[in-house]
Amino acid sequence: MKEISEMKLPDNVKYTDDHEWAKDEGGNVKIGITDYAQDQLGDIVFVEMPEVGATYEKGDEFGTVESVKAVSELFMPICGEIVAINEGLEDAPEQVNSDPYDGGWMISVKPSDTGELDALMDKAAYLDMLKG
Amino acid sequence: MTEKMGTTGLILKEKLLWERGKTGREGFSFPRQDVDQTPMDPEFARDDLDIPDLSEVDVIRHFTRLSTWNFGVDTGMYPLGSCTMKYNPKTNERQASLPGFAGAHPLLPESLSQGALELMYNLERYLAEITGMDAVSLQPAAGAHGELAGMLLIYAYHKSKGNQRHKIIIPDTAHGTNPASAALCGYTPVPVKSNERGVLSTEDIAAVMDDDTAGIMVTNPNTLGLFEENMKEVADIVHAKGGLVYGDGANMNAVMGIIDMKEIGIDVLHLNLHKTFSTPHGGGGPGSGPVCVNKILEPFLPVPRVEKKDGKFRLQYNRPDAIGRLMTFHGHFGIMVRAYSYILSMGPDGLKKASQLAVLNANYIKEKLKDIYHLPFDRPCMHECVFSDKHQSGNKVSTLDIAKRLLDYGFHPPTVYFPLVVSGAIMIEPTETECKDDIDQFIQAMRDIAGEAKENPELLHKSPEKTKVSRLDEAAAARKPCLAG
Amino acid sequence: MRYLPHTDEEISEMLGVVGAESLDDLFSTVPTNCCCRLPIDLPEALSEWDLNRHMDELSGNMAVSPDYKVFMGAGSYDHFIPASNTYVRSRSEFVTSYTPYQPEMSQGTLQGIYEYQTLAARLMGMDVATASHYDGATALTEALLMAIRKTRKQKVAVSRLVHPLHREVIKTYFGPTGFEIIELPAGPDGRTDLSAIDGLDDIAAVAIQSPNFFGCIEDLKIAAEKAGAQKALFITSFTEAIAYGLLKSPGSLGAEIVAGDGQSLGLPRSFGGPGLGMLGSKSKYVRSLPGRLVGRATDVNGKDGFVLTLSTREQHIRREKATSNICSNNSLCALSAAIYMATLGGSGLRRLAEMNHQKAEYLKNELKKAGMTIPFSAKTFNEFVVKFPDGFKSSYDRLLEKKIVAGLPLASYYPELADHYLLCATETASREDMDMLVREVTV
């Protein structure tokens, strides 16, 4: 397990208390799980994804992420429509471990309310939460 | 350092079955062809059955080699907590394979199956007597199936009152099957934490028990190996609000002849014949999970029930309140024969003594290891004790490393990482059939490993080294599952 | 007691370490209001000698071959089990081990189950088979629940010719759930009336047994097409696994999930259990399958081995959200089935299945020649329905006294079928025995 000081926590993404991250990519929002979450879960073996085109409310479960001995639900940080999923994770779910913010992204969402993203935690607030 | 049980030996490789086969071999003796050959219409027949042809020698050698890669209770101590890996008496196997039992068709007319029905009738009465409950159904196939039966009975009871409920209380020390079984009946689990003494507190139960809660699922002794000392009061609270108490009897081996389950407030209890009553685990089953109930729940028991009338045994189907049928036929009869044979071999005094010695063995191990392994609840235990890796984790040695190192010492590891309430749990259940010498050897192995954890943690990380394979990459296996050849 | 190894001296010594005065004293943490047990009232312990006598007597009260001629299948079949099979499956390393949670010292069970999964999948025409379930009824029920989860629909269509006791189990499991069972009726030829599937909307699955309870071989291809047209998963069930040594596999005819009982694959009937719940699916449903699965893996040194895998589907991890509550399965029965299938091989299974078919055809024809009615025209495997003369019950009872069980009376399962009996002849039925049956029913 990593110490909190070893966690990769980029400045340009927002964080949720369920340990998802969300990043504005010029209109659509990319979503994945944080370095802390992947470290807690251990070796990721499978990511269950939603259908493209589905719409979710903020806080809805959009999928699950599985390690060998644990399964964890994934929750929407914002509301919106799924416009893309990371199909690469089907063959290589380990990217969530090795590269949680880039190769390990999970879904791309067209937000219904752009204000919701701003309301999420920034790096400092998330770090405070992790430190408890 | 004492001499280890584990040694090196000649372990033979063995191919997969289909890598051994050759068309033209046969391993089966066919009966005489005494009727005309009427071919099946080709429209119905297949031509794609890809199963290897082998000789009888091939088959025996293949599976014998495979068996040598396994470890069983007959091989050595198997202190797997919550699983009651006691010795499986060989006379039980003889009884179950008697041609009259092994060859019997389940739908024979009652007049032609009196022996099997009598055995089932007697076994139900014996299990009722051992638990203190009023009536028993032997139909459930395994512990989880018995739990499901219990939940269906509770569901049927509330339904009969015209007042279905939606929640069920499940303590954090419960077996994982408990919430899964409850969910099949549409009950939402309400988790309750055990208190600082490792047991349920009456206040916590009173706080969540309400008239939309169907009842509580309690394992007693619980999975920390502790007796739920407030059991009677907890049951009173649940009953006062119209709920029922489900007892998970997986740990019955601690209390045969000592606790009366009905008396402590349990309404329905499942047993594992493959734990307490000595039937073998078979590498994961078949087991048998009879469900025992009090008078209130008896009308709901699954059909058919075995009855005795005018000295004859018969199957009663006409039970309008029954939950229905849980298996195609009568349950795992072959397992029932073994348990029946065990009970008759032990007698009432033998069963009680078995529980006493199971508890003695667990407490002895607890006392002999608690100076070097962290014991989260330092109290007298029942048939199992739970340690953790807290004293070893500073050296980056985890419960998994300790468990794997035990393999090299020639022991099956304890249950690890369960119950979840203890981080890095090491749950040891020696059972009564381990003698003091073997237990001392196990204790010494655990002590040696604690020493190695301090001096040479790398040795533990690399273990096991003497087994046919070492640690397997479970993540890779789950990412790209290969489930058939 | 021979299973309790402690000497009195050892007990005293151990009590001393624990700090207890006596064995009773070990239970001091049990409150007095819980410890109110009267001595258990059970028969005194029997010696092994006396136990044998008692058990010989009980088992001697059972009607079994060779004393009795039992022409009854209906989900429990009389097949010959080679001595080699009983011998090797009884090895204590298989029998006395636990679920292979520690793969390093359980490779025997794991490879054996992997081989079972493979052979079972090939027999059923599926991509994957689970490590086993309790029996055919519970496997079929789990298959239906799986289809309900997968499709998020609440209704299933089940043929009336699925084993009546399997249908009872489905009903029991469905009791508290609100899921609905639509019964597909039987047609006049002894097969399911598949036209009833047309127009059923919003169904999660269609379940057809083949050979069905009347022994008739169903048209699975048409059933699969019709189920597909309703966007329902097509499930095939079976009770006689030997049939698929000869018949086209359900998977090759369009089944997406197959569930059945594998008792025929080398397991004694044992008064109905333990049998073997077989469950398989196409690979796209593998993560929805309930029950244990064994998969290939490599160890840290690159050696090949096997582990339990995809366990996040199971109760110990996913708890109330698991695909099933199943924990123990019928592992040793699955291993036995693998041993049996290996003993026969593909060629032997085919030959055995043909022989079963021929024996049953012989008996059917002889009964027909003797004037009995064969009410259903559909092709059968090793079981078939006979309509005996009205009021046959008294003849049936007379035959029981002559140690012949002339099939299973169907009226209690299908009230409209008075005097109809389900008969079965496997490879174990000799021509002389069948001729005797025909003679006796025509007396």
# chains A, B, ... in the order shown; residues from 1 in each chain; ligands from 1
>>> closest_atom_pairs(of="chain A", to="chain C", cutoff="12 Å", atoms="only C-alpha atoms", output="JSON lines")
{"residue": "A:Ile44", "atom": "CA", "partner": "C:Thr312", "partner_atom": "CA", "distance": 11.4}
{"residue": "A:Val45", "atom": "CA", "partner": "C:Leu310", "partner_atom": "CA", "distance": 8.9}
{"residue": "A:Phe46", "atom": "CA", "partner": "C:Leu310", "partner_atom": "CA", "distance": 9.4}
{"residue": "A:Val47", "atom": "CA", "partner": "C:Arg287", "partner_atom": "CA", "distance": 11.3}
{"residue": "A:Glu48", "atom": "CA", "partner": "C:Arg287", "partner_atom": "CA", "distance": 9.9}
{"residue": "A:Thr64", "atom": "CA", "partner": "C:Thr312", "partner_atom": "CA", "distance": 10.8}
{"residue": "A:Val65", "atom": "CA", "partner": "C:Thr312", "partner_atom": "CA", "distance": 10.0}
{"residue": "A:Glu66", "atom": "CA", "partner": "C:Thr312", "partner_atom": "CA", "distance": 6.9}
{"residue": "A:Ser67", "atom": "CA", "partner": "C:Thr312", "partner_atom": "CA", "distance": 7.7}
{"residue": "A:Val68", "atom": "CA", "partner": "C:Thr312", "partner_atom": "CA", "distance": 6.9}
{"residue": "A:Lys69", "atom": "CA", "partner": "C:Thr312", "partner_atom": "CA", "distance": 6.2}
{"residue": "A:Ala70", "atom": "CA", "partner": "C:Ile317", "partner_atom": "CA", "distance": 6.1}
{"residue": "A:Val71", "atom": "CA", "partner": "C:Thr312", "partner_atom": "CA", "distance": 6.2}
{"residue": "A:Ser72", "atom": "CA", "partner": "C:Arg318", "partner_atom": "CA", "distance": 9.0}
{"residue": "A:Glu73", "atom": "CA", "partner": "C:Arg318", "partner_atom": "CA", "distance": 10.7}
>>> write_last_selection(atoms="N, CA and C atoms", output="PDB file, in the first residue's frame")
ATOM      1  N   ILE A  44      -6.529  -4.747 -10.334  1.00  0.00           N
ATOM      2  CA  ILE A  44      -7.858  -4.680 -10.950  1.00  0.00           C
ATOM      3  C   ILE A  44      -7.952  -5.755 -12.046  1.00  0.00           C
ATOM      4  N   VAL A  45      -9.041  -6.523 -12.019  1.00  0.00           N
ATOM      5  CA  VAL A  45      -9.173  -7.581 -13.023  1.00  0.00           C
ATOM      6  C   VAL A  45     -10.334  -7.360 -13.992  1.00  0.00           C
ATOM      7  N   PHE A  46     -11.246  -6.490 -13.628  1.00  0.00           N
ATOM      8  CA  PHE A  46     -12.409  -6.312 -14.508  1.00  0.00           C
ATOM      9  C   PHE A  46     -13.115  -4.997 -14.178  1.00  0.00           C
ATOM     10  N   VAL A  47     -13.536  -4.296 -15.236  1.00  0.00           N
ATOM     11  CA  VAL A  47     -14.349  -3.102 -15.025  1.00  0.00           C
ATOM     12  C   VAL A  47     -15.659  -3.294 -15.784  1.00  0.00           C
ATOM     13  N   GLU A  48     -16.751  -3.239 -15.057  1.00  0.00           N
ATOM     14  CA  GLU A  48     -18.062  -3.371 -15.688  1.00  0.00           C
ATOM     15  C   GLU A  48     -18.546  -1.985 -16.083  1.00  0.00           C
ATOM     16  N   THR A  64     -19.060  -1.298 -12.007  1.00  0.00           N
ATOM     17  CA  THR A  64     -18.306  -1.816 -10.868  1.00  0.00           C
ATOM     18  C   THR A  64     -16.879  -2.058 -11.307  1.00  0.00           C
ATOM     19  N   VAL A  65     -15.996  -2.038 -10.335  1.00  0.00           N
ATOM     20  CA  VAL A  65     -14.606  -2.361 -10.605  1.00  0.00           C
ATOM     21  C   VAL A  65     -14.227  -3.506  -9.668  1.00  0.00           C
ATOM     22  N   GLU A  66     -13.581  -4.513 -10.249  1.00  0.00           N
ATOM     23  CA  GLU A  66     -13.282  -5.712  -9.470  1.00  0.00           C
ATOM     24  C   GLU A  66     -11.787  -5.955  -9.381  1.00  0.00           C
ATOM     25  N   SER A  67     -11.352  -6.274  -8.174  1.00  0.00           N
ATOM     26  CA  SER A  67     -10.015  -6.826  -8.019  1.00  0.00           C
ATOM     27  C   SER A  67     -10.190  -8.312  -7.741  1.00  0.00           C
ATOM     28  N   VAL A  68      -9.106  -9.000  -7.391  1.00  0.00           N
ATOM     29  CA  VAL A  68      -9.234 -10.443  -7.189  1.00  0.00           C
ATOM     30  C   VAL A  68     -10.217 -10.741  -6.057  1.00  0.00           C
ATOM     31  N   LYS A  69     -10.130  -9.971  -4.983  1.00  0.00           N
ATOM     32  CA  LYS A  69     -10.878 -10.323  -3.781  1.00  0.00           C
ATOM     33  C   LYS A  69     -11.859  -9.245  -3.351  1.00  0.00           C
ATOM     34  N   ALA A  70     -12.115  -8.256  -4.202  1.00  0.00           N
ATOM     35  CA  ALA A  70     -13.048  -7.202  -3.803  1.00  0.00           C
ATOM     36  C   ALA A  70     -13.773  -6.677  -5.024  1.00  0.00           C
ATOM     37  N   VAL A  71     -14.940  -6.133  -4.762  1.00  0.00           N
ATOM     38  CA  VAL A  71     -15.675  -5.500  -5.844  1.00  0.00           C
ATOM     39  C   VAL A  71     -16.207  -4.192  -5.294  1.00  0.00           C
ATOM     40  N   SER A  72     -16.154  -3.161  -6.124  1.00  0.00           N
ATOM     41  CA  SER A  72     -16.502  -1.855  -5.633  1.00  0.00           C
ATOM     42  C   SER A  72     -17.397  -1.172  -6.662  1.00  0.00           C
ATOM     43  N   GLU A  73     -18.449  -0.513  -6.180  1.00  0.00           N
ATOM     44  CA  GLU A  73     -19.342   0.170  -7.110  1.00  0.00           C
ATOM     45  C   GLU A  73     -18.728   1.485  -7.566  1.00  0.00           C
TER      46      GLU A  73
END
>>> select_by_dssp(residues="stretch 189-250 of chain B", states="helix (DSSP H, G or I)", output="number ranges by chain")
B: 202-208, 231-240, 249-250
>>> closest_residue(among="B:Leu407, B:Val35, B:Glu233, B:Leu17", to="C:Leu363", atoms="only C-alpha atoms")
B:Val35
>>> residues_around(residues="stretch 388-394 of chain C", least_positions_apart="6", cutoff="12 Å", atoms="only C-alpha atoms", output="PyMOL selection string")
chain C and resi 367-368+370-375+400-401+405-411+417-423+438+440-443
>>> interface_residues(of="chain B", to="chain A", cutoff="7 Å", atoms="only C-alpha atoms", output="list in words")
Glu474, Ala475, Ala478 and Arg479 of chain B
>>> write_last_selection(atoms="N, CA and C atoms", output="compact mmCIF listing (two decimals), in the first residue's frame")
# COMPACT_ATOMS: atom_id res chain seq x y z
N GLU B 474 -3.27 -14.78 -9.32
CA GLU B 474 -4.73 -14.81 -9.39
C GLU B 474 -5.30 -13.65 -10.20
N ALA B 475 -4.57 -12.53 -10.21
CA ALA B 475 -5.06 -11.38 -10.98
C ALA B 475 -5.05 -11.71 -12.47
N ALA B 478 -7.85 -14.04 -13.39
CA ALA B 478 -9.19 -13.43 -13.42
C ALA B 478 -9.35 -12.45 -14.58
N ARG B 479 -8.22 -11.85 -15.03
CA ARG B 479 -8.33 -10.90 -16.15
C ARG B 479 -8.67 -11.61 -17.44
>>> residues_around(residues="A:Lys14", least_positions_apart="4", cutoff="6 Å", atoms="only C-alpha atoms", output="PyMOL selection string")
chain A and resi 21-22+120-122
>>> select_by_dssp(residues="chain A", states="strand (DSSP E)", output="PyMOL selection string")
chain A and resi 14-15+20-25+28-33+44-48+55-56+61-67+71-75+80-85+107-111
